[in-house]
Every structure is written in C-alpha cells, then in structure tokens.
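Text of start.txt (compact mmCIF, C-alpha atoms) as supplied:
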```txt
# COMPACT_ATOMS: atom_id res chain seq x y z
CA MET A 265 168.98 83.76 33.07
CA SER A 266 166.41 81.54 31.35
CA GLN A 267 165.65 77.97 32.55
CA THR A 268 164.63 75.02 30.49
CA PRO A 269 161.80 72.64 31.51
CA GLU A 270 164.40 70.03 32.37
CA ASP A 271 166.03 72.44 34.86
CA VAL A 272 162.68 73.08 36.62
CA VAL A 273 161.97 69.34 36.96
CA ALA A 274 165.43 68.77 38.39
CA ARG A 275 165.08 71.65 40.94
CA LEU A 276 161.69 70.40 42.27
CA GLY A 277 162.94 66.84 42.56
CA LEU A 278 160.20 65.46 40.38
CA ASP A 279 162.65 63.41 38.41
CA ARG A 280 163.51 61.37 41.49
CA LYS A 281 162.32 57.81 41.83
CA GLY A 282 159.11 57.42 43.82
CA GLY A 283 156.64 59.68 41.96
CA LEU A 284 154.97 62.99 42.95
CA ILE A 285 153.97 62.13 46.64
CA PRO A 286 156.77 62.38 49.22
CA THR A 287 157.28 59.44 51.59
CA TRP A 288 156.48 61.43 54.79
CA VAL A 289 153.05 62.30 53.43
CA LYS A 290 152.27 58.65 52.89
CA TYR A 291 153.20 57.89 56.54
CA LEU A 292 150.93 60.72 57.81
CA ILE A 293 147.93 59.47 55.85
CA GLY A 294 148.44 55.97 57.24
CA ILE A 295 148.54 57.19 60.84
CA VAL A 296 145.31 59.21 60.40
CA VAL A 297 143.49 56.24 58.88
CA ILE A 298 144.56 53.91 61.71
CA ALA A 299 143.54 56.46 64.41
CA GLY A 300 140.12 56.98 62.80
CA GLY A 301 139.49 53.26 62.72
CA VAL A 302 140.40 52.84 66.38
CA PHE A 303 138.13 55.75 67.39
CA TYR A 304 135.23 54.37 65.34
CA TRP A 305 135.61 50.95 66.92
CA THR A 306 135.77 52.25 70.50
CA SER A 307 132.95 54.79 70.09
CA ALA A 308 130.65 52.30 68.38
CA ALA A 309 131.16 49.35 70.66
CA GLY A 310 132.68 50.55 73.92
CA PRO A 311 130.06 52.77 75.67
CA GLU A 312 127.21 50.38 75.14
CA ASN A 313 129.06 47.86 77.23
CA ASP A 314 129.83 50.32 80.07
CA VAL A 315 126.57 52.17 80.99
CA SER A 316 125.16 52.55 84.51
CA TYR A 317 121.92 54.14 85.68
CA VAL A 318 121.09 56.27 88.71
CA THR A 319 117.75 55.12 90.10
CA ALA A 320 115.35 56.01 92.88
CA PRO A 321 112.45 53.92 94.20
CA ALA A 322 108.83 54.94 93.69
CA ALA A 323 107.28 55.38 97.13
CA THR A 324 103.97 55.96 98.89
CA GLY A 325 103.77 59.00 101.14
CA ASP A 326 102.01 62.24 101.98
CA LEU A 327 102.47 65.08 99.50
CA ARG A 328 102.11 68.70 100.61
CA VAL A 329 101.94 71.29 97.84
CA THR A 330 102.79 74.85 98.86
CA VAL A 331 102.96 78.32 97.33
CA THR A 332 105.68 80.67 98.56
CA ALA A 333 105.02 84.39 99.05
CA THR A 334 106.70 87.25 100.89
CA GLY A 335 105.22 90.17 102.79
CA THR A 336 105.20 92.09 106.05
CA VAL A 337 103.58 91.66 109.46
CA GLU A 338 101.10 94.44 110.25
CA PRO A 339 98.56 95.22 113.03
CA THR A 340 94.97 94.37 112.25
CA ASN A 341 93.87 97.97 112.88
CA LEU A 342 96.33 100.84 112.60
CA VAL A 343 95.07 104.39 113.26
CA ASP A 344 96.90 107.58 112.31
CA ILE A 345 95.83 110.38 114.66
CA SER A 346 96.06 114.02 113.57
CA SER A 347 94.60 117.38 114.58
CA GLU A 348 91.82 119.38 112.94
CA LEU A 349 93.02 122.57 114.63
CA SER A 350 96.18 124.59 114.31
CA GLY A 351 98.08 125.78 117.33
CA ILE A 352 100.91 125.15 119.76
CA LEU A 353 101.07 121.85 121.61
CA ALA A 354 100.80 122.68 125.29
CA SER A 355 101.50 119.10 126.41
CA VAL A 356 102.32 115.64 125.06
CA ASN A 357 101.23 112.96 127.51
CA VAL A 358 102.29 109.65 125.90
CA ASP A 359 105.43 108.13 124.42
CA PHE A 360 106.40 105.19 122.23
CA ASN A 361 105.02 101.78 123.29
CA ASP A 362 102.61 103.29 125.84
CA THR A 363 99.36 101.39 126.28
CA VAL A 364 96.30 103.62 125.89
CA THR A 365 92.55 103.20 126.13
CA LYS A 366 89.77 104.88 124.20
CA GLY A 367 89.60 108.53 125.28
CA THR A 368 93.13 108.75 126.67
CA VAL A 369 94.50 112.28 126.25
CA LEU A 370 97.53 111.93 124.01
CA ALA A 371 98.29 115.65 123.68
CA GLU A 372 96.64 119.04 124.18
CA LEU A 373 96.81 122.24 122.18
CA ASP A 374 97.14 125.65 123.84
CA THR A 375 93.52 126.74 124.45
CA THR A 376 94.03 130.40 125.44
CA LYS A 377 92.43 131.71 122.25
CA LEU A 378 89.73 129.06 122.27
CA ASP A 379 88.80 129.85 125.87
CA ALA A 380 88.44 133.53 124.97
CA LEU A 381 86.27 132.76 121.97
CA LEU A 382 84.15 130.49 124.14
CA ALA A 383 83.69 133.27 126.70
CA VAL A 384 82.64 135.68 123.93
CA SER A 385 80.14 133.14 122.67
CA LYS A 386 78.67 132.69 126.14
CA ALA A 387 78.33 136.46 126.53
CA SER A 388 76.67 136.74 123.12
CA LEU A 389 74.22 134.04 124.11
CA ASP A 390 73.40 135.79 127.36
CA SER A 391 72.80 139.03 125.45
CA ALA A 392 70.57 137.23 122.96
CA ILE A 393 68.56 135.69 125.79
CA ALA A 394 68.08 139.14 127.34
CA ARG A 395 66.92 140.57 124.03
CA VAL A 396 64.39 137.76 123.75
CA ALA A 397 63.04 138.61 127.19
CA MET A 398 62.79 142.30 126.24
CA ALA A 399 61.04 141.42 123.01
CA GLU A 400 58.57 139.21 124.84
CA ALA A 401 57.78 142.02 127.30
CA THR A 402 57.38 144.52 124.49
CA LEU A 403 55.10 142.12 122.68
CA ASP A 404 52.92 141.63 125.76
CA GLU A 405 52.61 145.42 126.17
CA ALA A 406 51.80 145.96 122.48
CA ARG A 407 49.25 143.15 122.55
CA ALA A 408 47.47 144.62 125.55
CA LYS A 409 47.32 148.10 124.01
CA TYR A 410 46.12 146.69 120.71
CA GLU A 411 43.38 144.61 122.31
CA ASN A 412 42.21 147.61 124.40
CA ALA A 413 42.20 149.86 121.34
CA LEU A 414 40.30 147.22 119.43
CA ARG A 415 37.51 147.12 122.03
CA LEU A 416 37.25 150.90 122.12
CA GLU A 417 37.27 151.10 118.36
CA GLU A 418 34.38 148.69 118.17
CA ARG A 419 32.41 151.04 120.44
CA GLY A 420 33.50 154.06 118.42
CA PHE A 421 35.49 155.74 121.19
CA THR A 422 39.01 155.38 119.66
CA PRO A 423 40.11 157.51 116.73
CA GLN A 424 41.00 155.55 113.64
CA GLN A 425 44.58 156.83 113.54
CA GLU A 426 45.29 155.79 117.12
CA PHE A 427 43.90 152.30 116.48
CA ILE A 428 46.15 151.91 113.43
CA SER A 429 49.20 152.92 115.52
CA HIS A 430 48.44 150.32 118.22
CA ARG A 431 48.00 147.61 115.62
CA ALA A 432 51.32 148.48 113.90
CA ALA A 433 53.12 148.51 117.27
CA TYR A 434 51.76 145.04 118.02
CA VAL A 435 52.96 143.68 114.66
CA ARG A 436 56.42 145.23 115.16
CA ALA A 437 56.66 143.64 118.60
CA GLN A 438 55.91 140.21 117.13
CA SER A 439 58.65 140.69 114.50
CA ALA A 440 61.11 141.91 117.14
CA LEU A 441 60.50 138.76 119.18
CA GLN A 442 61.14 136.55 116.15
CA SER A 443 64.39 138.42 115.46
CA ALA A 444 65.48 138.05 119.09
CA LEU A 445 64.74 134.34 119.01
CA ALA A 446 66.82 133.95 115.82
CA ASP A 447 69.71 135.84 117.44
CA ARG A 448 69.52 133.54 120.45
CA ALA A 449 69.61 130.42 118.24
CA LEU A 450 72.62 131.83 116.39
CA ALA A 451 74.41 132.52 119.67
CA GLU A 452 73.67 129.01 120.89
CA ALA A 453 75.07 127.51 117.66
CA ASP A 454 78.16 129.70 117.93
CA LEU A 455 78.66 128.56 121.52
CA ASP A 456 78.33 124.90 120.49
CA LEU A 457 80.91 125.49 117.73
CA HIS A 458 83.46 126.90 120.14
CA HIS A 459 82.71 124.11 122.59
CA ALA A 460 83.48 121.57 119.85
CA GLU A 461 86.71 123.34 118.89
CA LEU A 462 87.77 123.39 122.52
CA GLU A 463 87.13 119.66 122.76
CA LYS A 464 89.20 119.10 119.60
CA ALA A 465 92.10 120.84 121.28
CA CYS A 466 92.36 117.67 123.31
CA ILE A 467 93.92 115.03 121.02
CA CYS A 468 92.57 111.74 122.34
CA SER A 469 92.94 108.08 121.36
CA PRO A 470 89.91 106.75 119.46
CA ILE A 471 90.74 103.10 120.26
CA ASP A 472 92.38 100.85 122.83
CA GLY A 473 95.89 100.00 121.75
CA VAL A 474 99.61 100.75 121.81
CA VAL A 475 101.36 103.91 120.65
CA LEU A 476 103.66 102.86 117.79
CA ASP A 477 104.80 106.32 116.72
CA ARG A 478 104.92 109.83 118.17
CA ALA A 479 105.82 112.54 115.68
CA VAL A 480 105.47 115.68 117.87
CA ASP A 481 106.93 117.23 121.01
CA GLU A 482 105.66 119.75 123.52
CA GLY A 483 105.81 123.31 122.19
CA GLN A 484 105.68 122.27 118.54
CA ILE A 485 103.37 124.20 116.20
CA VAL A 486 100.68 122.19 114.44
CA ALA A 487 99.65 123.69 111.08
CA ALA A 488 96.47 121.83 110.26
CA ALA A 489 95.39 124.48 107.76
CA LEU A 490 98.03 123.32 105.26
CA SER A 491 97.62 119.57 105.73
CA ALA A 492 96.46 117.16 108.39
CA PRO A 493 99.73 116.11 110.09
CA VAL A 494 100.03 112.65 111.61
CA LEU A 495 100.83 113.20 115.27
CA PHE A 496 100.48 109.67 116.66
CA THR A 497 100.10 106.15 115.27
CA VAL A 498 98.19 103.71 117.47
CA ALA A 499 97.84 99.95 116.84
CA GLU A 500 94.63 98.52 118.21
CA ASP A 501 95.72 95.04 119.38
CA LEU A 502 99.20 93.61 118.84
CA SER A 503 98.13 90.20 120.13
CA GLN A 504 96.24 89.70 116.88
CA MET A 505 98.32 90.56 113.81
CA GLU A 506 98.00 90.01 110.08
CA LEU A 507 100.55 89.03 107.47
CA GLN A 508 100.12 90.83 104.15
CA VAL A 509 101.78 88.87 101.33
CA ASP A 510 101.95 89.27 97.55
CA ILE A 511 100.97 86.10 95.63
CA ASP A 512 102.12 85.72 92.05
CA GLU A 513 99.41 85.59 89.40
CA ALA A 514 100.59 82.09 88.38
CA ASP A 515 99.73 80.80 91.88
CA ILE A 516 96.64 82.84 92.74
CA GLY A 517 94.32 80.32 91.07
CA ARG A 518 95.43 77.61 93.51
CA THR A 519 95.01 79.65 96.69
CA ALA A 520 91.76 80.25 98.54
CA VAL A 521 90.45 81.76 101.76
CA GLY A 522 90.93 79.25 104.57
CA ASN A 523 94.23 77.81 103.31
CA SER A 524 96.63 77.16 106.17
CA ALA A 525 100.16 78.51 106.04
CA THR A 526 103.39 78.80 107.95
CA PHE A 527 105.90 81.62 107.84
CA THR A 528 109.27 82.64 109.19
CA VAL A 529 110.86 85.99 110.03
CA ASP A 530 114.51 86.95 110.19
CA ALA A 531 114.29 87.71 113.92
CA TYR A 532 113.64 84.03 114.76
CA ASP A 533 115.70 81.75 112.53
CA GLU A 534 114.38 78.42 113.78
CA ARG A 535 110.80 79.36 114.70
CA VAL A 536 107.87 78.66 112.40
CA PHE A 537 104.65 80.64 112.93
CA PRO A 538 101.20 79.32 111.90
CA ALA A 539 98.73 81.43 109.94
CA GLU A 540 95.57 81.18 107.84
CA ILE A 541 94.35 83.12 104.80
CA SER A 542 91.43 85.34 105.81
CA GLU A 543 91.19 87.51 102.68
CA ILE A 544 92.40 87.60 99.08
CA ARG A 545 91.97 90.95 97.39
CA PHE A 546 90.89 91.26 93.76
CA ALA A 547 92.90 94.40 93.04
CA PRO A 548 96.14 93.59 91.15
CA ARG A 549 99.52 95.16 91.82
CA THR A 550 102.07 95.41 89.00
CA VAL A 551 105.76 96.03 89.73
CA ASP A 552 108.35 95.75 86.93
CA GLY A 553 105.85 93.81 84.80
CA VAL A 554 105.11 91.25 87.55
CA VAL A 555 101.45 91.00 88.58
CA THR A 556 100.66 90.01 92.17
CA TYR A 557 97.59 89.93 94.40
CA LYS A 558 97.45 90.86 98.07
CA ALA A 559 96.48 88.13 100.54
CA ILE A 560 95.81 88.71 104.24
CA LEU A 561 96.81 85.97 106.70
CA SER A 562 95.54 86.01 110.29
CA VAL A 563 98.28 85.54 112.89
CA ASP A 564 98.05 84.82 116.63
CA ASN A 565 100.65 86.97 118.41
CA SER A 566 99.67 86.35 122.02
CA ASP A 567 103.29 86.36 123.18
CA LEU A 568 103.95 89.67 121.33
CA SER A 569 107.04 88.20 119.67
CA LEU A 570 106.08 89.58 116.26
CA ARG A 571 106.40 93.30 115.64
CA PRO A 572 104.83 95.50 112.96
CA GLY A 573 106.88 95.80 109.79
CA MET A 574 108.75 92.48 110.08
CA THR A 575 109.51 90.86 106.72
CA ALA A 576 108.14 87.32 106.45
CA THR A 577 108.34 84.43 103.99
CA ALA A 578 105.19 82.32 103.95
CA ASP A 579 104.52 78.82 102.64
CA ILE A 580 100.82 78.52 101.86
CA THR A 581 99.46 74.97 101.70
CA VAL A 582 97.27 74.67 98.59
CA ALA A 583 96.94 70.84 98.51
CA GLU A 584 97.58 67.92 100.85
CA ILE A 585 97.49 64.39 99.44
CA LYS A 586 97.60 61.36 101.73
CA ASP A 587 99.25 58.07 100.69
CA ALA A 588 100.17 59.25 97.21
CA LEU A 589 102.44 57.29 94.85
CA VAL A 590 105.32 59.69 94.22
CA VAL A 591 108.52 59.73 92.18
CA PRO A 592 111.35 62.29 92.03
CA ASN A 593 110.87 65.09 89.51
CA ALA A 594 114.19 64.15 87.95
CA ALA A 595 112.68 60.83 86.84
CA LEU A 596 110.08 62.67 84.75
CA ARG A 597 112.79 64.77 83.14
CA TYR A 598 115.03 61.85 82.22
CA ALA A 599 115.24 60.65 78.61
CA PRO A 600 117.90 58.30 77.13
CA PRO A 601 120.17 59.46 74.30
CA ALA A 602 118.44 59.31 70.95
CA ALA A 603 119.83 56.74 68.51
CA PRO A 604 121.60 58.55 65.62
CA THR A 605 120.13 58.21 62.14
CA GLU A 606 122.19 57.36 59.07
CA GLU A 607 122.38 61.03 58.15
CA GLU A 608 123.39 62.04 61.71
CA ASP A 609 125.92 59.20 62.14
CA ARG A 610 129.38 60.71 61.93
CA SER A 611 132.40 58.63 62.80
CA GLY A 612 136.08 58.50 62.14
CA LEU A 613 138.06 61.69 61.76
CA LEU A 614 134.95 63.79 60.82
CA GLY A 615 133.15 62.65 63.97
CA MET A 616 136.14 63.62 66.09
CA LEU A 617 136.29 67.10 64.57
CA ILE A 618 132.49 67.84 64.49
CA PRO A 619 130.69 66.16 67.44
CA ASP A 620 126.95 66.41 68.14
CA GLY A 621 125.94 69.73 69.68
CA ASP A 622 123.53 68.32 72.33
CA GLY A 623 125.01 64.93 72.96
CA GLY A 624 122.01 63.28 71.28
CA ARG A 625 119.74 63.69 74.38
CA ASN A 626 116.08 64.64 74.14
CA LEU A 627 114.22 66.95 76.46
CA GLY A 628 112.28 65.25 79.24
CA ASP A 629 108.59 64.47 78.89
CA ASP A 630 106.36 64.26 81.95
CA LYS A 631 104.12 61.77 80.13
CA THR A 632 106.68 58.96 80.19
CA LEU A 633 108.87 57.35 82.82
CA TRP A 634 111.84 54.97 82.50
CA VAL A 635 111.80 52.03 84.91
CA MET A 636 114.36 49.31 85.48
CA ARG A 637 112.77 45.93 84.74
CA GLY A 638 115.48 43.51 85.81
CA ASP A 639 118.61 45.03 84.28
CA VAL A 640 116.83 46.54 81.27
CA PRO A 641 115.36 50.07 81.20
CA GLN A 642 111.77 50.17 80.05
CA GLU A 643 109.65 53.21 79.13
CA ILE A 644 106.11 53.42 80.55
CA SER A 645 103.31 55.97 80.11
CA VAL A 646 102.18 57.89 83.18
CA ARG A 647 99.64 60.52 84.18
CA SER A 648 101.13 62.90 86.73
CA GLY A 649 99.36 64.98 89.36
CA GLN A 650 100.45 67.52 91.95
CA SER A 651 104.09 68.35 92.62
CA ASP A 652 105.81 69.97 95.59
CA GLY A 653 108.84 70.93 93.52
CA ARG A 654 110.81 67.82 94.52
CA MET A 655 108.38 64.92 94.23
CA THR A 656 105.46 64.40 91.84
CA GLU A 657 102.28 62.40 92.35
CA ILE A 658 101.66 59.59 89.82
CA LEU A 659 97.95 59.14 89.19
CA GLU A 660 98.01 56.39 86.55
CA ALA A 661 100.93 54.17 85.49
CA ASP A 662 102.18 50.58 85.40
CA LEU A 663 104.16 51.34 88.52
CA ALA A 664 104.21 50.00 92.07
CA PRO A 665 105.88 51.23 95.25
CA GLY A 666 109.48 50.06 95.29
CA ASP A 667 109.95 50.04 91.51
CA LEU A 668 113.21 51.69 90.52
CA VAL A 669 112.78 54.68 88.24
CA ILE A 670 115.72 56.08 86.32
CA VAL A 671 116.76 59.64 87.19
CA ASP A 672 120.11 59.78 85.33
CA ARG A 673 122.55 57.81 83.16
CA ILE A 674 126.29 57.51 83.53
CA ASP A 675 128.31 56.56 80.45
CA GLY A 676 131.63 54.84 81.19
```
Will you turn the file into structure tokens for me?
Amino acid sequence: MSQTPEDVVARLGLDRKGGLIPTWVKYLIGIVVIAGGVFYWTSAAGPENDVSYVTAPAATGDLRVTVTATGTVEPTNLVDISSELSGILASVNVDFNDTVTKGTVLAELDTTKLDALLAVSKASLDSAIARVAMAEATLDEARAKYENALRLEERGFTPQQEFISHRAAYVRAQSALQSALADRALAEADLDLHHAELEKACICSPIDGVVLDRAVDEGQIVAAALSAPVLFTVAEDLSQMELQVDIDEADIGRTAVGNSATFTVDAYDERVFPAEISEIRFAPRTVDGVVTYKAILSVDNSDLSLRPGMTATADITVAEIKDALVVPNAALRYAPPAAPTEEEDRSGLLGMLIPDGDGGRNLGDDKTLWVMRGDVPQEISVRSGQSDGRMTEILEADLAPGDLVIVDRIDG
C-alpha cells in the first residue's frame, strides 16, 4: 500500500507543534551544560585554595656512603690433600674437625708391595757395590801385570804378543770398573726412588690447621693413576678468615683496598662483624650479563664463631663525611605540577572524559630544590654530593640547617 508524503510526516510526528527537536532532548542538553560549568568552576578555582605540602628540615650530620655486596666466608689458606700413589688405605688416623700440625700422619697406604720393591732395590745396590769391588781388584791385577810387562818389554825380554795381551787386559779392567760404578749409581737411584714412594705412602698434613673434610675410609682403594683424588681438606687457621664478595661494576670505581666494612651472616641475626678490604682482583666475572669483581675482606675470627661457607652480606664504607648539610632524597625528586598551556587546557565535559595522562607532574631534577619561604614554595638551585640512598649531601645552595624542603604535595 503506497503512502503519501503527508502520511509519512504524520507518522513521524513532525507536524506537531514544537519543531524537529523533542522536549526531553532539550532538557538533557541543559543538564550537561550546567554540570560542565560547575566542574570547570570547581577544577579551576577549588584546588588552588586547598593545597598542603609535606616538608622535612635540612639538617647537619654525618653521612656514611656504603656499597652492598654478598659473598661467602672462607679460610685464608685451604689445602686439598691427595695421594700420588695408588693402593689400599691401611689406616685413616684423623676425622672431621681434628686439629693437626705439619707432618701429622692423616692416613697410610698399604706398603707391602713398596717394602718388597725397597728390599729388591737394596739387594741390587749391594750387588752393584760388590761388582765395583771385584772390578777394582781386577783392575789392580791388570795394572800390575801391564806395568811388569812394560818393564820387561823395554828390556826386550817380553814377546810382543804377550805385552799386547797385558795392555788389552788392563784397558778392559778399567772399562769394567766404570761399568760397575755406573751400575752402582743406578742401584742407588733406584733405592732412593723406592724410598720416596714409601714415604709418599704416608699421607701427611703439609700445614698446621683443622681437618674440614675427610673423603676416604680405611680399606678404600685410591686410584691415583686415573686422577688425583682429594682425600682430606685442611684449613690452615680458622681464627683468621676472609670474606670473598662480588662487587658490581657500577660500584667498583668507588671501592679501594683499605676500605672498612661490616657484614652479617644468617647464623647471627643481630651481630655485626667488622672487616677490611685487603685485595680487589682485576679479573671480571660475568653471570647472566652482570659483571662483578672479586674483593677479599680480612676478618678476625678469634672466637671461631664464623665457619667456612657461610653466606654474608657486607656493607663497604666508601665515603664518610662529617658535618654535612643533608636533605632527604625525596626533596630532590619533588617537582610541582606543570601549569597547563592553552593547547593543553581542557575543561568542561571534554576535560572530564579525557584527563591528563600524567597528572601534569614533571620528573624530578637533582639540580633544583623547593623550599618553603614563609608559606610560599620557592625553587632554588643546588649542587648535590654524595648520597647514602636516603639522604643526600648539599654542597652549594641558598639553604641553611632548619630550612623546610618540600618532599611532597597534597591536593585537597
């Protein structure tokens, strides 16, 4: 069924009195306009009249700058003792924590085979000595016959052939003596070798100290031919220990030999141990992309409370400043909200729907400081120095102890 233009106008209600815009739309537009005006008025005028500041006084005090590092407590001299010989352990004479002195017999290998070899070497030496004596006697006899034949030959009483035989016998006797002497020297060297091996069957402590580890038992076979096994671990002096810590590359430039330090271990929650840097090694160590350098701290452990392998956290003092003018680090980070420009100023309904992303605040600048002068905040230029992570030294600024520096702002 076809409709005329008049029918369409009548169905949509456009022929009613009041025009094209319905009444409820007009009311909605009025409410939005009034709400936008109220928001603009309160946001533009209200906060400025209800602002408070969190302040802290600048103060004079001692500033101690530290570098934190972690590591382990270790003995100053740790010796791993092994065996050069293979064999069965006939005895083990020490146990964990035993105190030993230099030369103490820690363990002994079975020496049955070594004793036999030593006896053979002694017999070989005795035989070589006897052969030397025989060679000397033979040489004396050959020399006498040769000298007698030489005198007779000069007088023409000895046949030429007989003289040649005596001379050859004398030369052979000299050579036999030299061979016997060489055999004796070889036998002596062989005897010394077996003596040394027999001495090595006794596994002794090379230093005075304490047995930290024992890795063998009596009757165990030691296979030194494959690798040198560690049988005992001896620490030289547990009263003097060292703390080995890893210092980050960002802090290594501030540390030096002689810096004092303190450290704690998990075994003693409330105890702080003193230490001092005795060595900083040049070799770097990289783990997961982090570069560190090993530092050695000397530790007095006279009461033997510290044990090897304990994990420690050390605070190394890299700077100590007396009577420094300091302010909280938060004061150097504070900056007031930036005043919006004409292009950034958004108010009314648009400002409600699309607020500023960062609240209008700037990042802090350690070259300026905000100070309360009366009831008015004032920005001043400063030159900062060392920081301990909580307070920062102020080297140059229009600032006196007791001045209130702003660390935060509270908008009402």
Have a look at A:Val529, A:Val635, A:Ala602, A:Ala440 and name the one nearest to Thr577 of chain A; count all atoms listed in the file.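 Using all atoms listed in the file, the shortest distance to Thr577 of chain A belongs to A:Val529.
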Of the candidates A:Asp510, A:Asn593, A:Ala406, A:Glu500, which shows the shortest atom-to-atom distance to Val555 of chain A, using only C-alpha atoms?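 Checking each of A:Asp510, A:Asn593, A:Ala406, A:Glu500 against Val555 of chain A, counting only C-alpha atoms, the winner is A:Asp510.
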Take the point (97.3, 62.3, 98.4) in the file's coordinates, draw a sphere of radius 6 Å around it, and report as a VMD selection string every protein, DNA or RNA residue with an atom inside or on it, counting only C-alpha atoms. chain A and resid 326 to 327 585 to 588
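What separates atom CA of Gly553 of chain A from atom CA of Ile516 of chain A is a distance of 16.4 Å.
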Judged by only C-alpha atoms, the minimum distance to Met574 of chain A among A:Thr528, A:Thr550, A:Gln484, A:Ser562 is found for A:Thr528
Counting all atoms listed in the file, which of A:Ile580, A:Leu596, A:Val494, A:Leu507 gets nearest to Thr526 of chain A?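 Looking only at the distances to Thr526 of chain A, the closest residue turns out to be A:Ile580.
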Of the candidates A:Arg328, A:Val498, A:Ala578, A:Gly420, which one gets nearest to Ile471 of chain A if we count all atoms listed in the file?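 Of all the options, A:Val498 lies closest to Ile471 of chain A.
Distance check against Asp662 of chain A using only C-alpha atoms: of A:Asp390, A:Asp675, A:Glu643, A:Glu452, the minimum falls on A:Glu643.
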Atom-to-atom span, atom CA of Thr336 of chain A and atom CA of Asp472 of chain A, Å: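 According to the coordinates, atom CA of Thr336 of chain A and atom CA of Asp472 of chain A are separated by 22.9 Å.
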Contact check, segment 435-531 of chain A to segment 371-387 of chain A, at most 7 Å, counting all atoms listed in the file, closest pairs as a Markdown table:
```
| residue | atom | partner | partner_atom | distance |
| --- | --- | --- | --- | --- |
| A:Ala451 | CA | A:Ser385 | CA | 6.5 |
| A:Asp454 | CA | A:Ser385 | CA | 6.2 |
| A:Leu455 | CA | A:Ser385 | CA | 4.9 |
| A:His458 | CA | A:Leu382 | CA | 5.4 |
| A:His459 | CA | A:Leu382 | CA | 6.7 |
| A:Leu462 | CA | A:Leu378 | CA | 6.0 |
| A:Ala465 | CA | A:Leu373 | CA | 5.0 |
| A:Cys466 | CA | A:Glu372 | CA | 4.6 |
| A:Ile467 | CA | A:Ala371 | CA | 5.2 |
```
Around (96.1, 117.0, 116.2) in the file's frame, which residues reach within 10 Å when counting all atoms listed in the file? Return as an mmCIF file with C-alpha atoms, keeping the file's coordinate frame?
```cif
data_model
loop_
_atom_site.group_PDB
_atom_site.id
_atom_site.type_symbol
_atom_site.label_atom_id
_atom_site.label_comp_id
_atom_site.auth_asym_id
_atom_site.auth_seq_id
_atom_site.Cartn_x
_atom_site.Cartn_y
_atom_site.Cartn_z
ATOM 1 C CA ILE A 345 95.830 110.380 114.660
ATOM 2 C CA SER A 346 96.060 114.020 113.570
ATOM 3 C CA SER A 347 94.600 117.380 114.580
ATOM 4 C CA GLU A 348 91.820 119.380 112.940
ATOM 5 C CA LEU A 349 93.020 122.570 114.630
ATOM 6 C CA SER A 350 96.180 124.590 114.310
ATOM 7 C CA GLY A 351 98.080 125.780 117.330
ATOM 8 C CA LEU A 353 101.070 121.850 121.610
ATOM 9 C CA LEU A 370 97.530 111.930 124.010
ATOM 10 C CA ALA A 371 98.290 115.650 123.680
ATOM 11 C CA GLU A 372 96.640 119.040 124.180
ATOM 12 C CA LEU A 373 96.810 122.240 122.180
ATOM 13 C CA LYS A 464 89.200 119.100 119.600
ATOM 14 C CA ALA A 465 92.100 120.840 121.280
ATOM 15 C CA CYS A 466 92.360 117.670 123.310
ATOM 16 C CA ILE A 467 93.920 115.030 121.020
ATOM 17 C CA CYS A 468 92.570 111.740 122.340
ATOM 18 C CA VAL A 480 105.470 115.680 117.870
ATOM 19 C CA VAL A 486 100.680 122.190 114.440
ATOM 20 C CA ALA A 487 99.650 123.690 111.080
ATOM 21 C CA ALA A 488 96.470 121.830 110.260
ATOM 22 C CA ALA A 492 96.460 117.160 108.390
ATOM 23 C CA PRO A 493 99.730 116.110 110.090
ATOM 24 C CA VAL A 494 100.030 112.650 111.610
ATOM 25 C CA LEU A 495 100.830 113.200 115.270
ATOM 26 C CA PHE A 496 100.480 109.670 116.660
#
```
Computed interatomic separation between atom CA of Leu589 of chain A and atom CA of Thr330 of chain A (Å):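 These atoms are spaced 18.0 Å apart.
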